[in-house]
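Shown next: data19.txt, given as compact mmCIF, C-alpha atoms and all ligand atoms.
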```
# COMPACT_ATOMS: atom_id res chain seq x y z
CA MET A 27 -0.85 10.48 15.41
CA SER A 28 1.03 13.64 16.17
CA GLU A 29 4.30 12.34 14.69
CA ALA A 30 2.63 10.67 11.73
CA LEU A 31 3.57 12.31 8.45
CA VAL A 32 0.55 13.71 6.61
CA ILE A 33 0.81 14.45 2.91
CA SER A 34 -2.28 15.88 1.31
CA GLY A 35 -3.44 17.80 -1.70
CA PRO A 36 -5.38 17.39 -4.92
CA CYS A 37 -4.86 14.58 -7.36
CA ALA A 38 -3.73 17.16 -9.91
CA ALA A 39 -2.67 20.79 -10.10
CA GLU A 40 -5.36 22.31 -12.33
CA SER A 41 -5.03 26.08 -12.07
CA ARG A 42 -3.01 28.58 -10.05
CA GLU A 43 -6.05 29.49 -8.01
CA GLN A 44 -7.01 25.87 -7.30
CA VAL A 45 -3.43 25.07 -6.20
CA LEU A 46 -3.02 28.08 -3.93
CA THR A 47 -6.48 27.80 -2.36
CA SER A 48 -6.11 24.06 -1.78
CA ALA A 49 -2.59 24.47 -0.40
CA ARG A 50 -3.63 27.16 2.09
CA GLN A 51 -6.62 25.18 3.35
CA ILE A 52 -4.77 21.88 3.49
CA ALA A 53 -1.82 23.35 5.40
CA GLU A 54 -4.33 24.86 7.86
CA ALA A 55 -5.98 21.45 8.24
CA GLY A 56 -2.64 20.15 9.53
CA ALA A 57 -0.85 18.53 6.57
CA ASP A 58 2.97 18.45 6.68
CA ILE A 59 3.47 18.27 2.91
CA PHE A 60 1.26 19.52 0.06
CA ARG A 61 0.84 17.16 -2.90
CA ALA A 62 -0.37 17.82 -6.45
CA GLY A 63 0.26 15.89 -9.66
CA VAL A 64 1.64 17.91 -12.53
CA TRP A 65 1.98 15.05 -15.01
CA LYS A 66 -0.92 12.61 -14.71
CA PRO A 67 -0.55 9.03 -15.91
CA ARG A 68 -3.86 8.09 -17.56
CA THR A 69 -4.77 4.57 -18.50
CA GLU A 70 -6.46 5.69 -21.70
CA PRO A 71 -5.67 8.67 -23.96
CA GLY A 72 -7.95 11.67 -24.03
CA GLY A 73 -8.23 12.33 -20.27
CA PHE A 74 -6.72 15.21 -18.33
CA GLU A 75 -2.97 14.59 -18.44
CA GLY A 76 -1.90 17.43 -16.18
CA VAL A 77 -0.75 20.99 -16.83
CA GLY A 78 2.97 20.12 -16.96
CA GLU A 79 5.83 22.51 -16.25
CA PRO A 80 3.77 25.72 -15.69
CA ALA A 81 2.11 24.03 -12.70
CA LEU A 82 5.52 23.64 -11.02
CA GLU A 83 5.58 27.42 -10.59
CA TRP A 84 2.25 27.24 -8.73
CA LEU A 85 3.69 24.53 -6.46
CA ALA A 86 6.76 26.67 -5.79
CA GLU A 87 4.42 29.57 -4.92
CA ALA A 88 2.37 27.28 -2.64
CA GLN A 89 5.55 26.39 -0.75
CA GLU A 90 6.31 30.09 -0.22
CA ILE A 91 2.81 30.93 0.97
CA THR A 92 2.19 27.99 3.28
CA GLY A 93 5.70 27.26 4.52
CA ILE A 94 5.22 23.53 3.93
CA PRO A 95 7.02 21.63 1.14
CA ALA A 96 5.22 20.65 -2.04
CA ALA A 97 5.42 17.21 -3.64
CA THR A 98 4.75 16.03 -7.15
CA GLU A 99 4.89 12.81 -9.17
CA VAL A 100 7.84 12.10 -11.46
CA ALA A 101 7.83 9.36 -14.06
CA THR A 102 10.77 10.28 -16.30
CA ARG A 103 14.26 11.74 -16.06
CA GLU A 104 12.95 15.00 -17.55
CA HIS A 105 10.21 15.27 -14.88
CA VAL A 106 12.89 15.01 -12.19
CA ARG A 107 15.04 17.65 -13.85
CA LEU A 108 12.14 20.10 -14.15
CA ALA A 109 10.76 19.51 -10.64
CA LEU A 110 14.19 20.05 -9.08
CA LYS A 111 14.75 23.15 -11.25
CA HIS A 112 11.58 24.65 -9.74
CA GLY A 113 12.67 23.90 -6.17
CA ILE A 114 10.43 20.88 -5.53
CA ARG A 115 12.29 18.61 -3.12
CA VAL A 116 9.64 15.97 -2.37
CA LEU A 117 8.93 13.65 -5.30
CA TRP A 118 6.85 10.52 -5.64
CA LEU A 119 7.01 7.59 -8.02
CA GLY A 120 3.53 6.43 -9.01
CA ALA A 121 2.36 2.82 -9.08
CA ARG A 122 2.82 2.54 -12.84
CA THR A 123 6.38 3.82 -12.59
CA THR A 124 7.42 1.50 -9.75
CA THR A 125 6.30 -1.31 -12.05
CA ASN A 126 9.03 -0.36 -14.57
CA PRO A 127 12.67 -0.78 -13.46
CA PHE A 128 13.97 1.07 -16.55
CA LEU A 129 12.09 4.23 -15.53
CA VAL A 130 13.01 3.86 -11.86
CA GLN A 131 16.70 3.59 -12.80
CA GLN A 132 16.51 6.67 -15.04
CA ILE A 133 14.94 8.61 -12.18
CA ALA A 134 17.64 7.35 -9.79
CA ASP A 135 20.37 8.39 -12.27
CA GLU A 136 18.90 11.89 -12.62
CA ILE A 137 18.72 12.28 -8.84
CA LEU A 138 22.35 11.21 -8.52
CA HIS A 139 23.28 13.60 -11.33
CA SER A 140 21.58 16.51 -9.49
CA SER A 141 23.88 16.03 -6.47
CA LEU A 142 21.00 17.21 -4.26
CA THR A 143 21.07 15.38 -0.94
CA HIS A 144 18.01 16.48 1.02
CA LEU A 145 15.35 15.04 -1.22
CA GLN A 146 12.40 13.07 0.12
CA ILE A 147 11.30 10.37 -2.30
CA LEU A 148 8.03 8.47 -1.89
CA ILE A 149 7.65 5.19 -3.70
CA LYS A 150 4.16 3.87 -4.31
CA ASN A 151 3.64 0.14 -4.50
CA PRO A 152 3.60 -1.31 -8.03
CA VAL A 153 0.27 -2.01 -9.73
CA SER A 154 0.41 -5.75 -9.00
CA PRO A 155 1.19 -7.26 -5.58
CA ASP A 156 4.88 -7.80 -6.35
CA LEU A 157 7.04 -7.24 -3.28
CA ARG A 158 10.32 -7.48 -5.20
CA LEU A 159 9.43 -4.71 -7.68
CA TRP A 160 8.51 -2.40 -4.79
CA LYS A 161 11.65 -3.25 -2.83
CA GLY A 162 13.78 -3.03 -5.97
CA ALA A 163 12.54 0.50 -6.70
CA ILE A 164 13.31 1.56 -3.12
CA GLU A 165 16.81 0.10 -3.41
CA ARG A 166 17.50 1.83 -6.74
CA ILE A 167 16.55 5.22 -5.26
CA ARG A 168 18.58 4.58 -2.11
CA GLN A 169 21.58 3.67 -4.22
CA ALA A 170 21.32 7.16 -5.74
CA GLY A 171 22.21 8.50 -2.29
CA VAL A 172 18.70 9.41 -1.10
CA THR A 173 18.38 8.73 2.63
CA GLN A 174 14.78 9.86 3.08
CA VAL A 175 12.88 7.22 1.13
CA TYR A 176 9.27 6.35 2.03
CA ALA A 177 7.12 3.46 0.88
CA VAL A 178 3.51 4.32 0.03
CA HIS A 179 0.93 1.54 0.13
CA ARG A 180 -1.88 2.47 -2.31
CA GLY A 181 -3.29 -1.00 -2.99
CA PHE A 182 -3.05 -3.45 -5.87
CA GLN A 183 -4.92 -4.68 -8.89
CA THR A 184 -5.51 -8.35 -8.19
CA GLY A 185 -8.22 -9.24 -10.70
CA GLN A 186 -10.36 -10.32 -7.73
CA PRO A 187 -13.54 -8.53 -6.58
CA SER A 188 -12.84 -5.96 -3.85
CA PRO A 189 -14.84 -3.20 -2.18
CA TYR A 190 -11.88 -0.95 -2.99
CA ARG A 191 -10.54 0.46 -6.24
CA ASN A 192 -7.21 -1.18 -5.37
CA ALA A 193 -7.20 -4.14 -2.97
CA PRO A 194 -5.04 -3.65 0.15
CA VAL A 195 -3.33 -7.10 0.15
CA TRP A 196 -1.89 -6.18 3.57
CA SER A 197 0.56 -9.08 3.49
CA VAL A 198 2.70 -7.26 0.90
CA PRO A 199 3.41 -4.07 2.93
CA PHE A 200 3.84 -6.21 6.07
CA ALA A 201 6.49 -8.27 4.24
CA LEU A 202 8.14 -5.04 3.04
CA LYS A 203 8.28 -3.83 6.65
CA LEU A 204 10.00 -7.07 7.66
CA GLU A 205 12.57 -6.76 4.91
CA LEU A 206 13.14 -2.98 5.13
CA PRO A 207 12.25 -2.06 8.74
CA ASP A 208 13.92 1.36 8.52
CA VAL A 209 11.82 2.56 5.55
CA PRO A 210 8.78 4.50 6.82
CA LEU A 211 5.51 3.11 5.52
CA LEU A 212 2.63 5.40 4.58
CA LEU A 213 -0.90 4.54 3.49
CA ASP A 214 -2.61 6.22 0.53
CA PRO A 215 -6.25 5.47 1.42
CA SER A 216 -7.50 7.62 -1.48
CA HIS A 217 -6.15 5.56 -4.36
CA MET A 218 -6.81 2.40 -2.37
CA ALA A 219 -10.47 3.21 -1.72
CA GLY A 220 -11.37 5.18 -4.84
CA ASP A 221 -14.19 6.62 -2.72
CA ALA A 222 -13.94 9.52 -0.26
CA ALA A 223 -16.43 7.85 2.10
CA LEU A 224 -14.04 4.94 2.73
CA VAL A 225 -10.95 7.10 3.37
CA PRO A 226 -11.47 7.76 7.13
CA GLU A 227 -11.84 4.09 8.09
CA LEU A 228 -8.78 3.02 6.07
CA SER A 229 -6.78 5.88 7.63
CA ARG A 230 -7.77 4.71 11.11
CA GLN A 231 -6.77 1.16 10.29
CA ALA A 232 -3.36 2.35 9.09
CA MET A 233 -2.74 4.30 12.28
CA ARG A 234 -3.84 1.34 14.43
CA LEU A 235 -1.49 -0.92 12.47
CA GLY A 236 1.42 1.45 13.18
CA TYR A 237 1.90 3.02 9.74
CA ASP A 238 4.16 6.07 9.77
CA GLY A 239 1.81 8.39 7.92
CA LEU A 240 -0.86 9.03 5.33
CA MET A 241 -1.04 10.40 1.80
CA ILE A 242 -4.59 11.65 1.28
CA GLU A 243 -6.11 13.39 -1.71
CA ALA A 244 -7.95 16.61 -0.84
CA HIS A 245 -9.17 19.34 -3.19
CA CYS A 246 -10.63 22.78 -2.47
CA CYS A 247 -13.65 21.71 -4.56
CA PRO A 248 -13.72 17.96 -5.21
CA ALA A 249 -16.85 18.15 -7.39
CA GLU A 250 -14.86 20.18 -9.92
CA ALA A 251 -11.74 18.01 -9.91
CA GLN A 252 -10.48 16.98 -13.34
CA SER A 253 -9.23 13.59 -12.12
CA ASP A 254 -10.13 11.23 -9.24
CA ARG A 255 -13.19 13.32 -8.36
CA ASP A 256 -14.91 10.67 -6.21
CA GLN A 257 -12.04 10.03 -3.82
CA GLN A 258 -10.92 13.54 -2.82
CA LEU A 259 -11.84 15.01 0.56
CA THR A 260 -12.60 18.66 1.13
CA PRO A 261 -10.00 20.44 3.29
CA ALA A 262 -12.64 20.61 6.06
CA GLU A 263 -13.15 16.83 5.90
CA LEU A 264 -9.38 16.38 6.02
CA GLY A 265 -9.17 18.58 9.12
CA GLU A 266 -11.93 16.58 10.84
CA LEU A 267 -10.28 13.29 9.94
CA LEU A 268 -6.89 14.39 11.26
CA SER A 269 -8.33 15.62 14.54
CA SER A 270 -10.42 12.49 15.02
CA LEU A 271 -7.30 10.37 14.42
CA ARG A 272 -5.42 12.45 16.96
CA ASP A 273 -8.20 11.87 19.50
CA SER A 274 -8.67 8.18 18.87
CA VAL A 275 -5.09 6.98 18.38
CA ASN A 276 -2.65 7.28 21.25
CA PRO A 277 -0.05 9.70 19.84
CA SER A 278 2.93 7.98 21.43
CA PHE A 279 2.18 4.34 20.77
CA ARG A 280 4.21 4.11 17.59
CA ASN A 281 7.39 5.05 19.41
CA SER A 282 6.86 3.01 22.54
CA VAL A 283 9.21 0.10 23.17
CA ASP A 284 7.95 -3.38 22.44
CA PRO A 285 5.30 -3.70 25.16
CA SER A 286 6.10 -7.37 25.75
CA VAL A 287 9.28 -6.19 27.49
CA ARG A 288 7.24 -4.80 30.36
CA ASN A 289 3.78 -6.22 29.98
CA SER A 290 3.48 -9.74 31.36
CA ASP A 291 -0.17 -10.10 30.26
CA LEU A 292 0.89 -9.60 26.67
CA SER A 293 3.79 -12.05 27.10
CA ALA A 294 1.40 -14.68 28.42
CA LEU A 295 -0.97 -14.18 25.48
CA ARG A 296 1.93 -14.36 23.04
CA ALA A 297 3.12 -17.60 24.61
CA ARG A 298 -0.38 -19.08 24.13
CA LEU A 299 -0.39 -17.87 20.53
CA ASP A 300 2.98 -19.51 19.89
CA GLU A 301 1.77 -22.79 21.39
CA THR A 302 -1.33 -22.68 19.21
CA ASP A 303 0.86 -22.09 16.15
CA ASP A 304 3.03 -25.07 17.15
CA THR A 305 -0.08 -27.27 17.14
CA LEU A 306 -1.42 -25.72 13.94
CA PHE A 307 1.76 -26.31 11.98
CA LEU A 308 2.27 -29.80 13.38
CA LEU A 309 -1.25 -30.62 12.21
CA LEU A 310 -0.41 -29.15 8.82
CA LEU A 311 2.59 -31.46 8.57
CA GLN A 312 0.40 -34.40 9.60
CA ARG A 313 -2.09 -33.45 6.91
CA MET A 314 0.65 -33.46 4.26
CA GLN A 315 1.83 -36.89 5.40
CA ILE A 316 -1.72 -38.26 5.01
CA SER A 317 -1.87 -36.54 1.64
CA ARG A 318 1.27 -38.37 0.57
CA GLN A 319 -0.37 -41.71 1.45
CA ILE A 320 -3.41 -40.71 -0.61
CA GLY A 321 -0.99 -39.86 -3.43
CA ASP A 322 0.53 -43.36 -3.21
CA TYR A 323 -2.96 -44.86 -3.43
CA LYS A 324 -3.88 -42.70 -6.44
CA ARG A 325 -0.66 -43.70 -8.20
CA ALA A 326 -1.26 -47.42 -7.49
CA HIS A 327 -4.81 -47.19 -8.84
CA ASN A 328 -4.01 -44.93 -11.74
CA LEU A 329 -6.14 -42.03 -10.44
CA PRO A 330 -5.35 -38.36 -11.18
CA ILE A 331 -4.08 -36.22 -8.28
CA LEU A 332 -6.49 -33.38 -8.91
CA GLN A 333 -10.00 -34.47 -7.89
CA GLU A 334 -11.99 -31.32 -8.55
CA LYS A 335 -15.35 -32.64 -7.34
CA ARG A 336 -13.92 -33.68 -3.98
CA TYR A 337 -12.06 -30.35 -3.69
CA ALA A 338 -15.24 -28.36 -4.47
CA GLU A 339 -17.11 -30.21 -1.70
CA LEU A 340 -14.30 -29.66 0.76
CA VAL A 341 -14.17 -25.91 -0.05
CA GLN A 342 -17.93 -25.55 0.30
CA LYS A 343 -17.97 -27.24 3.69
CA ARG A 344 -15.18 -25.05 5.09
CA LEU A 345 -16.63 -21.82 3.68
CA ASP A 346 -20.01 -22.56 5.30
CA TRP A 347 -18.21 -23.19 8.57
CA ALA A 348 -16.18 -19.96 8.15
CA ARG A 349 -19.37 -17.92 7.69
CA GLN A 350 -20.92 -19.44 10.80
CA ASN A 351 -17.83 -18.53 12.79
CA ARG A 352 -17.48 -15.01 11.43
CA LEU A 353 -14.23 -15.76 9.62
CA ASP A 354 -13.74 -13.95 6.32
CA PRO A 355 -14.62 -16.49 3.57
CA ASP A 356 -12.15 -14.91 1.10
CA THR A 357 -9.29 -15.33 3.56
CA ILE A 358 -10.31 -18.90 4.37
CA ARG A 359 -10.52 -19.63 0.64
CA ARG A 360 -6.97 -18.35 0.15
CA ILE A 361 -5.72 -20.54 3.03
CA LEU A 362 -7.56 -23.60 1.65
CA ASP A 363 -6.19 -23.01 -1.84
CA ALA A 364 -2.64 -22.78 -0.46
CA ILE A 365 -3.07 -25.96 1.60
CA HIS A 366 -4.58 -27.80 -1.36
CA GLU A 367 -1.75 -26.69 -3.65
CA GLU A 368 0.84 -27.91 -1.15
CA SER A 369 -1.08 -31.19 -0.71
CA CYS A 370 -1.04 -31.79 -4.47
CA ARG A 371 2.71 -31.12 -4.44
CA TRP A 372 3.14 -33.85 -1.78
CA GLN A 373 1.26 -36.25 -4.04
CA LEU A 374 3.34 -35.59 -7.16
C1 LIG B 1 -1.57 9.92 -7.64
O1 LIG B 1 -1.05 9.90 -6.51
O2 LIG B 1 -2.26 10.84 -8.06
C2 LIG B 1 -1.45 8.71 -8.49
C3 LIG B 1 -1.59 8.75 -9.80
O3 LIG B 1 -1.26 7.62 -7.75
P1 LIG B 1 -1.00 6.08 -8.12
O4 LIG B 1 0.32 6.03 -8.78
O5 LIG B 1 -1.03 5.48 -6.76
O6 LIG B 1 -2.13 5.62 -9.00
MN MN B 2 -5.11 10.67 -8.02
```
Hey, can you dump this file as structure tokens for me?
Ligand code: PEP
Ligand code: MN
Amino acid sequence: MSEALVISGPCAAESREQVLTSARQIAEAGADIFRAGVWKPRTEPGGFEGVGEPALEWLAEAQEITGIPAATEVATREHVRLALKHGIRVLWLGARTTTNPFLVQQIADEILHSSLTHLQILIKNPVSPDLRLWKGAIERIRQAGVTQVYAVHRGFQTGQPSPYRNAPVWSVPFALKLELPDVPLLLDPSHMAGDAALVPELSRQAMRLGYDGLMIEAHCCPAEAQSDRDQQLTPAELGELLSSLRDSVNPSFRNSVDPSVRNSDLSALRARLDETDDTLFLLLLQRMQISRQIGDYKRAHNLPILQEKRYAELVQKRLDWARQNRLDPDTIRRILDAIHEESCRWQL
């Protein structure tokens, strides 16, 4: 935990006093970077859209007072120009911006044009679980010469029910880590959860998974916040969370060498896991081969491939079994749907 990067601050900069008070308290709680949105993307018109350029002066003042850098969101070329003009060197691209390659490229061009080299740029995942958009945005910013690029996982809109405001869909950041292993990965549990009460548990999960840091919303007085009121911690809650993470997560485990190199127990378990996967995938292949035979039968007897009644029964049976065995029914449903889709493909 001690090397994990902690970025924290209010959703939005609202007044000079709110910024300076929050910044002081958040730096004292142990954050490395102070965040505050100056331009707020709102889904519908009429909400608080941020103070704009005057707030950049408050962020510059917060940097002076606390000694930690300030970060803000940029969504246009002009935002980048103004933030850099006011000495802000840590910028983030929000989820809605990462979704739009035109905007990302304009931001990259402005960064290149500035000739500033020591910028830190954080790139939130796009609104939908699209790995290529996220990776593409990271690549565009890197091509502008930025070496300190971070990926921020803030969850996705999937259209499916979720206990969170934005569903984690962990497979997407895991795939990003495989494709871009040198890009540090941070979790934003605040925009993921949408609820301050869920932020500590998500933060713990991120640290256990080996994430490189956290971006957490905290406000000197969350009840008075003009945006994202329900998900912001108080600076005291932030301090407690950071110290509990320090106590519960071994501070050096993220940098330790792959334990399988020296731990034979782990190697033995991994060997068993690999053998189980061999069996699992062989069975999957066998299942597809049977499926093909069923497909031949259906063709010969002029039956449609999709047999929804039979599929509904099969799903029900496996979901009941999953519940009895404490497997997550949603996950099992996704696996079943993928197997069924592949089966239908074998019957085409
Ligand atoms: C934010 O960080 O305040 C924000 C608007 O985040 P996101 O782009 O993740 O919604
Ligand atoms: Mn917010």
Chain A residues near ligand MN 2 (chain B) within 12 Å, closest pair each, using all atoms listed in the file, as CSV:
```
residue,atom,partner,partner_atom,distance
A:Ser34,CA,B:MN2,MN,11.1
A:Gly35,CA,B:MN2,MN,9.7
A:Pro36,CA,B:MN2,MN,7.4
A:Cys37,CA,B:MN2,MN,4.0
A:Ala38,CA,B:MN2,MN,6.9
A:Ala39,CA,B:MN2,MN,10.6
A:Arg61,CA,B:MN2,MN,10.2
A:Ala62,CA,B:MN2,MN,8.7
A:Gly63,CA,B:MN2,MN,7.7
A:Val64,CA,B:MN2,MN,10.9
A:Trp65,CA,B:MN2,MN,10.9
A:Lys66,CA,B:MN2,MN,8.1
A:Pro67,CA,B:MN2,MN,9.3
A:Arg68,CA,B:MN2,MN,10.0
A:Phe74,CA,B:MN2,MN,11.4
A:Glu75,CA,B:MN2,MN,11.3
A:Gly76,CA,B:MN2,MN,11.1
A:Thr98,CA,B:MN2,MN,11.3
A:Glu99,CA,B:MN2,MN,10.3
A:Gly120,CA,B:MN2,MN,9.7
A:Ala121,CA,B:MN2,MN,10.9
A:Arg180,CA,B:MN2,MN,10.5
A:Arg191,CA,B:MN2,MN,11.7
A:Asp214,CA,B:MN2,MN,10.0
A:Pro215,CA,B:MN2,MN,10.8
A:Ser216,CA,B:MN2,MN,7.6
A:His217,CA,B:MN2,MN,6.4
A:Met218,CA,B:MN2,MN,10.2
A:Ala219,CA,B:MN2,MN,11.1
A:Gly220,CA,B:MN2,MN,8.9
A:Asp221,CA,B:MN2,MN,11.3
A:Ala222,CA,B:MN2,MN,11.8
A:Met241,CA,B:MN2,MN,10.6
A:Ile242,CA,B:MN2,MN,9.4
A:Glu243,CA,B:MN2,MN,6.9
A:Ala244,CA,B:MN2,MN,9.7
A:His245,CA,B:MN2,MN,10.7
A:Pro248,CA,B:MN2,MN,11.6
A:Ala251,CA,B:MN2,MN,10.1
A:Gln252,CA,B:MN2,MN,9.8
A:Ser253,CA,B:MN2,MN,6.5
A:Asp254,CA,B:MN2,MN,5.2
A:Arg255,CA,B:MN2,MN,8.5
A:Asp256,CA,B:MN2,MN,10.0
A:Gln257,CA,B:MN2,MN,8.1
A:Gln258,CA,B:MN2,MN,8.3
A:Leu259,CA,B:MN2,MN,11.7
```
Please give the centre and size of the box around segment 268-275 of chain A (axis-aligned, containing every atom listed in the file, 8 Å added per side), with values in Å to one decimal and written as lines of an AutoDock Vina configuration file.
```
center_x = -7.8
center_y = 11.3
center_z = 15.4
size_x = 21.3
size_y = 24.6
size_z = 24.2
```
Between atom CA of Ala193 of chain A and atom CA of Asn126 of chain A, distance in Å (one decimal):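 Straight-line distance from atom CA of Ala193 of chain A to atom CA of Asn126 of chain A works out to 20.3 Å.
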Using only C-alpha atoms, determine which residues lie at most 12 Å from Arg168 of chain A, disregarding the query and same-chain residues fewer than 3 positions distant; provide the list as a CSV table (one decimal) with C-alpha atoms, in the coordinates of the input.
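Below you can see result.csv, which holds the result:
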```
chain,number,residue,atom,x,y,z
A,130,VAL,CA,13.0,3.9,-11.9
A,131,GLN,CA,16.7,3.6,-12.8
A,133,ILE,CA,14.9,8.6,-12.2
A,134,ALA,CA,17.6,7.4,-9.8
A,135,ASP,CA,20.4,8.4,-12.3
A,137,ILE,CA,18.7,12.3,-8.8
A,138,LEU,CA,22.4,11.2,-8.5
A,143,THR,CA,21.1,15.4,-0.9
A,145,LEU,CA,15.4,15.0,-1.2
A,146,GLN,CA,12.4,13.1,0.1
A,147,ILE,CA,11.3,10.4,-2.3
A,148,LEU,CA,8.0,8.5,-1.9
A,149,ILE,CA,7.6,5.2,-3.7
A,161,LYS,CA,11.6,-3.2,-2.8
A,162,GLY,CA,13.8,-3.0,-6.0
A,163,ALA,CA,12.5,0.5,-6.7
A,164,ILE,CA,13.3,1.6,-3.1
A,165,GLU,CA,16.8,0.1,-3.4
A,171,GLY,CA,22.2,8.5,-2.3
A,172,VAL,CA,18.7,9.4,-1.1
A,173,THR,CA,18.4,8.7,2.6
A,174,GLN,CA,14.8,9.9,3.1
A,175,VAL,CA,12.9,7.2,1.1
A,176,TYR,CA,9.3,6.4,2.0
A,177,ALA,CA,7.1,3.5,0.9
A,206,LEU,CA,13.1,-3.0,5.1
A,209,VAL,CA,11.8,2.6,5.6
```
May I have the residues within 7 Å of Val100 of chain A as a ChimeraX atom specification, using all atoms listed in the file and disregarding those fewer than 2 positions away in the same chain? /A:98,102,105-106,117-119
Could you save those same residues with C-alpha atoms as a CSV table (one decimal), in the coordinates of the input?
```
chain,number,residue,atom,x,y,z
A,98,THR,CA,4.8,16.0,-7.2
A,102,THR,CA,10.8,10.3,-16.3
A,105,HIS,CA,10.2,15.3,-14.9
A,106,VAL,CA,12.9,15.0,-12.2
A,117,LEU,CA,8.9,13.6,-5.3
A,118,TRP,CA,6.8,10.5,-5.6
A,119,LEU,CA,7.0,7.6,-8.0
```
Between atom CA of Thr125 of chain A and atom CA of Val153 of chain A, what is the distance in Å, rounded to a tenth? 6.5 Å
Calculated over only C-alpha atoms and all ligand atoms, which of the candidates A:Leu308, A:Met314, A:Ala55, A:Ala101 has the smallest distance to ligand LIG 1 (chain B)?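 Among the listed residues, A:Ala101 lies closest to ligand LIG 1 (chain B).
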Measure the distance from atom CA of Glu43 of chain A to atom CA of Pro71 of chain A in Å and round it to one decimal.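 Those two atoms sit 26.2 Å apart.
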